[in-house]
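Shown next: final.tsv, containing TSV, N, CA and C atoms.
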chain	number	residue	atom	x	y	z
A	1	MET	N	-14.31	18.99	3.49
A	1	MET	CA	-13.95	17.59	3.29
A	1	MET	C	-13.27	17.08	4.55
A	2	THR	N	-13.63	15.91	4.97
A	2	THR	CA	-13.07	15.28	6.16
A	2	THR	C	-12.14	14.16	5.74
A	3	ALA	N	-10.98	14.10	6.35
A	3	ALA	CA	-10.03	13.01	6.08
A	3	ALA	C	-10.33	11.85	7.03
A	4	HIS	N	-10.23	10.65	6.55
A	4	HIS	CA	-10.49	9.47	7.36
A	4	HIS	C	-9.30	8.52	7.25
A	5	LEU	N	-9.02	7.83	8.31
A	5	LEU	CA	-7.99	6.80	8.33
A	5	LEU	C	-8.69	5.46	8.21
A	6	PHE	N	-8.25	4.66	7.27
A	6	PHE	CA	-8.84	3.34	7.05
A	6	PHE	C	-7.81	2.27	7.37
A	7	VAL	N	-8.25	1.26	8.08
A	7	VAL	CA	-7.43	0.08	8.33
A	7	VAL	C	-8.01	-1.03	7.46
A	8	ILE	N	-7.17	-1.63	6.64
A	8	ILE	CA	-7.64	-2.63	5.68
A	8	ILE	C	-7.03	-3.98	6.00
A	9	ASN	N	-7.89	-4.98	6.14
A	9	ASN	CA	-7.44	-6.36	6.22
A	9	ASN	C	-7.62	-6.95	4.83
A	10	LEU	N	-6.59	-7.50	4.29
A	10	LEU	CA	-6.64	-8.05	2.94
A	10	LEU	C	-6.52	-9.56	3.02
A	11	HIS	N	-7.47	-10.23	2.39
A	11	HIS	CA	-7.44	-11.69	2.32
A	11	HIS	C	-7.09	-12.06	0.89
A	12	LEU	N	-6.06	-12.82	0.72
A	12	LEU	CA	-5.63	-13.26	-0.60
A	12	LEU	C	-5.67	-14.78	-0.63
A	13	SER	N	-6.35	-15.33	-1.62
A	13	SER	CA	-6.39	-16.78	-1.74
A	13	SER	C	-6.38	-17.15	-3.22
A	14	GLU	N	-5.86	-18.32	-3.48
A	14	GLU	CA	-5.81	-18.83	-4.85
A	14	GLU	C	-6.96	-19.82	-5.03
A	15	ARG	N	-7.66	-19.67	-6.15
A	15	ARG	CA	-8.73	-20.63	-6.45
A	15	ARG	C	-8.09	-21.90	-7.01
A	16	VAL	N	-8.48	-23.01	-6.43
A	16	VAL	CA	-7.95	-24.31	-6.84
A	16	VAL	C	-9.15	-25.17	-7.24
A	17	MET	N	-9.02	-25.83	-8.39
A	17	MET	CA	-10.12	-26.69	-8.85
A	17	MET	C	-10.46	-27.72	-7.78
A	18	GLY	N	-11.76	-27.91	-7.56
A	18	GLY	CA	-12.21	-28.91	-6.59
A	18	GLY	C	-12.29	-28.40	-5.17
A	19	VAL	N	-11.84	-27.17	-4.90
A	19	VAL	CA	-11.90	-26.61	-3.55
A	19	VAL	C	-12.90	-25.46	-3.57
A	20	GLU	N	-13.95	-25.57	-2.76
A	20	GLU	CA	-15.01	-24.56	-2.73
A	20	GLU	C	-14.69	-23.57	-1.62
A	21	VAL	N	-14.48	-22.30	-1.98
A	21	VAL	CA	-14.14	-21.29	-0.99
A	21	VAL	C	-15.20	-20.20	-0.86
A	22	ASP	N	-16.16	-20.16	-1.78
A	22	ASP	CA	-17.15	-19.08	-1.76
A	22	ASP	C	-17.93	-19.03	-0.46
A	23	SER	N	-18.31	-20.19	0.07
A	23	SER	CA	-19.08	-20.19	1.33
A	23	SER	C	-18.22	-19.71	2.50
A	24	ALA	N	-16.93	-20.03	2.50
A	24	ALA	CA	-16.04	-19.56	3.56
A	24	ALA	C	-15.87	-18.04	3.49
A	25	ILE	N	-15.73	-17.50	2.29
A	25	ILE	CA	-15.60	-16.05	2.12
A	25	ILE	C	-16.90	-15.36	2.51
A	26	ALA	N	-18.03	-15.94	2.14
A	26	ALA	CA	-19.33	-15.37	2.53
A	26	ALA	C	-19.46	-15.36	4.06
A	27	HIS	N	-18.95	-16.39	4.72
A	27	HIS	CA	-18.98	-16.45	6.18
A	27	HIS	C	-18.13	-15.33	6.78
A	28	LEU	N	-16.94	-15.10	6.22
A	28	LEU	CA	-16.08	-14.00	6.70
A	28	LEU	C	-16.77	-12.65	6.50
A	29	ASP	N	-17.43	-12.47	5.35
A	29	ASP	CA	-18.18	-11.23	5.10
A	29	ASP	C	-19.27	-11.04	6.16
A	30	GLU	N	-19.98	-12.11	6.49
A	30	GLU	CA	-21.05	-12.00	7.48
A	30	GLU	C	-20.50	-11.69	8.86
A	31	LEU	N	-19.36	-12.28	9.22
A	31	LEU	CA	-18.71	-11.94	10.50
A	31	LEU	C	-18.35	-10.46	10.55
A	32	ALA	N	-17.80	-9.95	9.46
A	32	ALA	CA	-17.44	-8.53	9.40
A	32	ALA	C	-18.68	-7.66	9.56
A	33	ARG	N	-19.76	-7.98	8.84
A	33	ARG	CA	-21.01	-7.21	8.96
A	33	ARG	C	-21.54	-7.23	10.40
A	34	SER	N	-21.48	-8.41	11.04
A	34	SER	CA	-22.01	-8.53	12.40
A	34	SER	C	-21.20	-7.71	13.39
A	35	ARG	N	-19.98	-7.36	13.02
A	35	ARG	CA	-19.12	-6.54	13.88
A	35	ARG	C	-19.14	-5.07	13.47
A	36	GLY	N	-20.06	-4.73	12.58
A	36	GLY	CA	-20.25	-3.32	12.22
A	36	GLY	C	-19.44	-2.82	11.05
A	37	TYR	N	-18.76	-3.71	10.33
A	37	TYR	CA	-17.97	-3.30	9.17
A	37	TYR	C	-18.84	-3.28	7.92
A	38	ASN	N	-18.51	-2.40	6.99
A	38	ASN	CA	-19.13	-2.42	5.67
A	38	ASN	C	-18.36	-3.40	4.81
A	39	VAL	N	-19.07	-4.18	4.04
A	39	VAL	CA	-18.44	-5.14	3.13
A	39	VAL	C	-18.69	-4.66	1.72
A	40	VAL	N	-17.62	-4.27	1.04
A	40	VAL	CA	-17.70	-3.74	-0.32
A	40	VAL	C	-17.29	-4.85	-1.28
A	41	LYS	N	-18.15	-5.17	-2.21
A	41	LYS	CA	-17.87	-6.26	-3.14
A	41	LYS	C	-17.00	-5.83	-4.32
A	42	ARG	N	-17.10	-4.57	-4.72
A	42	ARG	CA	-16.32	-4.14	-5.87
A	42	ARG	C	-15.54	-2.90	-5.52
A	43	MET	N	-14.23	-3.00	-5.63
A	43	MET	CA	-13.37	-1.86	-5.35
A	43	MET	C	-12.07	-2.01	-6.12
A	44	THR	N	-11.36	-0.93	-6.21
A	44	THR	CA	-10.04	-0.94	-6.83
A	44	THR	C	-9.03	-0.59	-5.75
A	45	ALA	N	-7.96	-1.35	-5.69
A	45	ALA	CA	-6.90	-1.08	-4.71
A	45	ALA	C	-5.56	-1.05	-5.41
A	46	TRP	N	-4.73	-0.09	-5.02
A	46	TRP	CA	-3.36	-0.02	-5.52
A	46	TRP	C	-2.48	-0.65	-4.45
A	47	THR	N	-1.90	-1.78	-4.77
A	47	THR	CA	-1.16	-2.54	-3.77
A	47	THR	C	0.20	-2.98	-4.29
A	48	LYS	N	1.07	-3.29	-3.36
A	48	LYS	CA	2.33	-3.98	-3.64
A	48	LYS	C	2.37	-5.19	-2.72
A	49	LEU	N	2.62	-6.34	-3.29
A	49	LEU	CA	2.78	-7.56	-2.50
A	49	LEU	C	4.26	-7.83	-2.36
A	50	ILE	N	4.72	-8.00	-1.13
A	50	ILE	CA	6.14	-8.19	-0.85
A	50	ILE	C	6.30	-9.55	-0.17
A	51	THR	N	7.09	-10.41	-0.79
A	51	THR	CA	7.32	-11.74	-0.21
A	51	THR	C	8.68	-11.79	0.46
A	52	ALA	N	8.77	-12.62	1.48
A	52	ALA	CA	10.04	-12.83	2.18
A	52	ALA	C	10.00	-14.22	2.80
A	53	VAL	N	11.17	-14.76	3.09
A	53	VAL	CA	11.27	-16.07	3.75
A	53	VAL	C	12.29	-15.96	4.88
A	54	PRO	N	11.99	-15.15	5.91
A	54	PRO	CA	12.93	-15.05	7.02
A	54	PRO	C	12.88	-16.29	7.90
A	55	GLY	N	14.00	-16.86	8.19
A	55	GLY	CA	14.05	-18.04	9.05
A	55	GLY	C	13.31	-19.23	8.49
A	56	GLY	N	13.13	-19.29	7.17
A	56	GLY	CA	12.46	-20.41	6.53
A	56	GLY	C	10.95	-20.35	6.59
A	57	LYS	N	10.39	-19.24	7.11
A	57	LYS	CA	8.93	-19.10	7.18
A	57	LYS	C	8.48	-18.08	6.15
A	58	ALA	N	7.63	-18.51	5.24
A	58	ALA	CA	7.16	-17.63	4.18
A	58	ALA	C	6.27	-16.53	4.75
A	59	GLN	N	6.46	-15.31	4.25
A	59	GLN	CA	5.65	-14.17	4.66
A	59	GLN	C	5.17	-13.44	3.42
A	60	LEU	N	4.00	-12.87	3.51
A	60	LEU	CA	3.46	-12.02	2.45
A	60	LEU	C	2.99	-10.74	3.11
A	61	LYS	N	3.62	-9.64	2.73
A	61	LYS	CA	3.22	-8.34	3.25
A	61	LYS	C	2.51	-7.59	2.14
A	62	THR	N	1.50	-6.84	2.50
A	62	THR	CA	0.74	-6.07	1.53
A	62	THR	C	0.84	-4.60	1.88
A	63	LEU	N	1.26	-3.80	0.92
A	63	LEU	CA	1.30	-2.36	1.08
A	63	LEU	C	0.18	-1.80	0.22
A	64	VAL	N	-0.81	-1.21	0.87
A	64	VAL	CA	-1.94	-0.60	0.16
A	64	VAL	C	-1.71	0.89	0.13
A	65	THR	N	-1.58	1.45	-1.08
A	65	THR	CA	-1.32	2.88	-1.19
A	65	THR	C	-2.56	3.66	-1.60
A	66	GLY	N	-3.59	2.98	-2.09
A	66	GLY	CA	-4.82	3.67	-2.46
A	66	GLY	C	-5.94	2.69	-2.70
A	67	VAL	N	-7.15	3.12	-2.40
A	67	VAL	CA	-8.34	2.30	-2.61
A	67	VAL	C	-9.46	3.24	-3.03
A	68	HIS	N	-10.25	2.83	-4.00
A	68	HIS	CA	-11.45	3.61	-4.31
A	68	HIS	C	-12.61	2.70	-4.69
A	69	THR	N	-13.79	3.17	-4.30
A	69	THR	CA	-15.03	2.45	-4.59
A	69	THR	C	-16.20	3.41	-4.42
A	70	ARG	N	-17.38	2.95	-4.73
A	70	ARG	CA	-18.60	3.72	-4.51
A	70	ARG	C	-19.53	2.89	-3.63
A	71	VAL	N	-20.09	3.54	-2.63
A	71	VAL	CA	-21.09	2.93	-1.77
A	71	VAL	C	-22.26	3.90	-1.71
A	72	ASP	N	-23.39	3.48	-2.26
A	72	ASP	CA	-24.56	4.35	-2.37
A	72	ASP	C	-24.16	5.65	-3.09
A	73	ASN	N	-24.32	6.78	-2.43
A	73	ASN	CA	-23.99	8.05	-3.06
A	73	ASN	C	-22.60	8.55	-2.69
A	74	PHE	N	-21.79	7.69	-2.12
A	74	PHE	CA	-20.48	8.11	-1.66
A	74	PHE	C	-19.38	7.51	-2.52
A	75	CYS	N	-18.34	8.30	-2.77
A	75	CYS	CA	-17.12	7.82	-3.41
A	75	CYS	C	-16.05	7.77	-2.33
A	76	LEU	N	-15.42	6.64	-2.18
A	76	LEU	CA	-14.36	6.49	-1.16
A	76	LEU	C	-13.03	6.37	-1.87
Output the file's structure as structure tokens, nothing else.
Amino acid sequence: MTAHLFVINLHLSERVMGVEVDSAIAHLDELARSRGYNVVKRMTAWTKLITAVPGGKAQLKTLVTGVHTRVDNFCL
């Protein structure tokens, strides 16, 4: 078994009535694919979201402690 290090960029957005975001997310997926990344549509992630307001600027930090999914014959 080989261990791998994964770097995860997490995009979090709220769906708001009247605002169409699906095409924007599809565009981001296509950019990732064009740069050689795999785009997984269904996965489970164990995360903690940590909010802070240092200096009056809102921040959201994400701590990902585990992720699993299946891609073809592979379990990640």
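In this structure, atom N of A:Val67 sits 20.5 Å away from atom C of A:Asp29.
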| query | Taking (-12.2, 0.5, -7.1) in the file's coordinates as the center, which residues reach within 12 Å of it, counting only C-alpha atoms, put as JSON, numbers by chain? | reply | {"A": [40, 41, 42, 43, 44, 45, 46, 47, 66, 67, 68, 69, 70, 71, 75, 76]}
| task | For atom C of A:Lys48 and atom C of A:Thr62, determine how far apart the two atoms are, in Å to one decimal place. | result | 4.9 Å
| Quick one: DSSP helix (DSSP H, G or I) residues in stretch 8-74 of chain A, as a ChimeraX atom specification? | /A:22-34,54-56
Hey, can I get the axis-aligned box for stretch 56-70 of chain A? All listed atoms, 4 Å padding on each side, centre and edge lengths in Å to one decimal, as AutoDock Vina command-line options.
--center_x -3.2 --center_y -8.3 --center_z 1.2 --size_x 40.7 --size_y 32.1 --size_z 19.9
6.5 Å contact set for A:Thr51, only N, CA and C atoms, chain neighbours under 2 positions out, as a CSV table (one decimal) with N, CA and C atoms, in the frame of the given file:
chain,number,residue,atom,x,y,z
A,49,LEU,N,2.6,-6.3,-3.3
A,49,LEU,CA,2.8,-7.6,-2.5
A,49,LEU,C,4.3,-7.8,-2.4
A,53,VAL,N,11.2,-14.8,3.1
A,53,VAL,CA,11.3,-16.1,3.8
A,53,VAL,C,12.3,-16.0,4.9
A,59,GLN,N,6.5,-15.3,4.2
A,59,GLN,CA,5.6,-14.2,4.7
A,59,GLN,C,5.2,-13.4,3.4
A,60,LEU,N,4.0,-12.9,3.5
A,60,LEU,CA,3.5,-12.0,2.4
A,60,LEU,C,3.0,-10.7,3.1
A,61,LYS,N,3.6,-9.6,2.7
A,61,LYS,CA,3.2,-8.3,3.2
A,61,LYS,C,2.5,-7.6,2.1
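If you look at atom C of A:Asn73 and atom N of A:Ile25, they are 27.4 Å away from each other.
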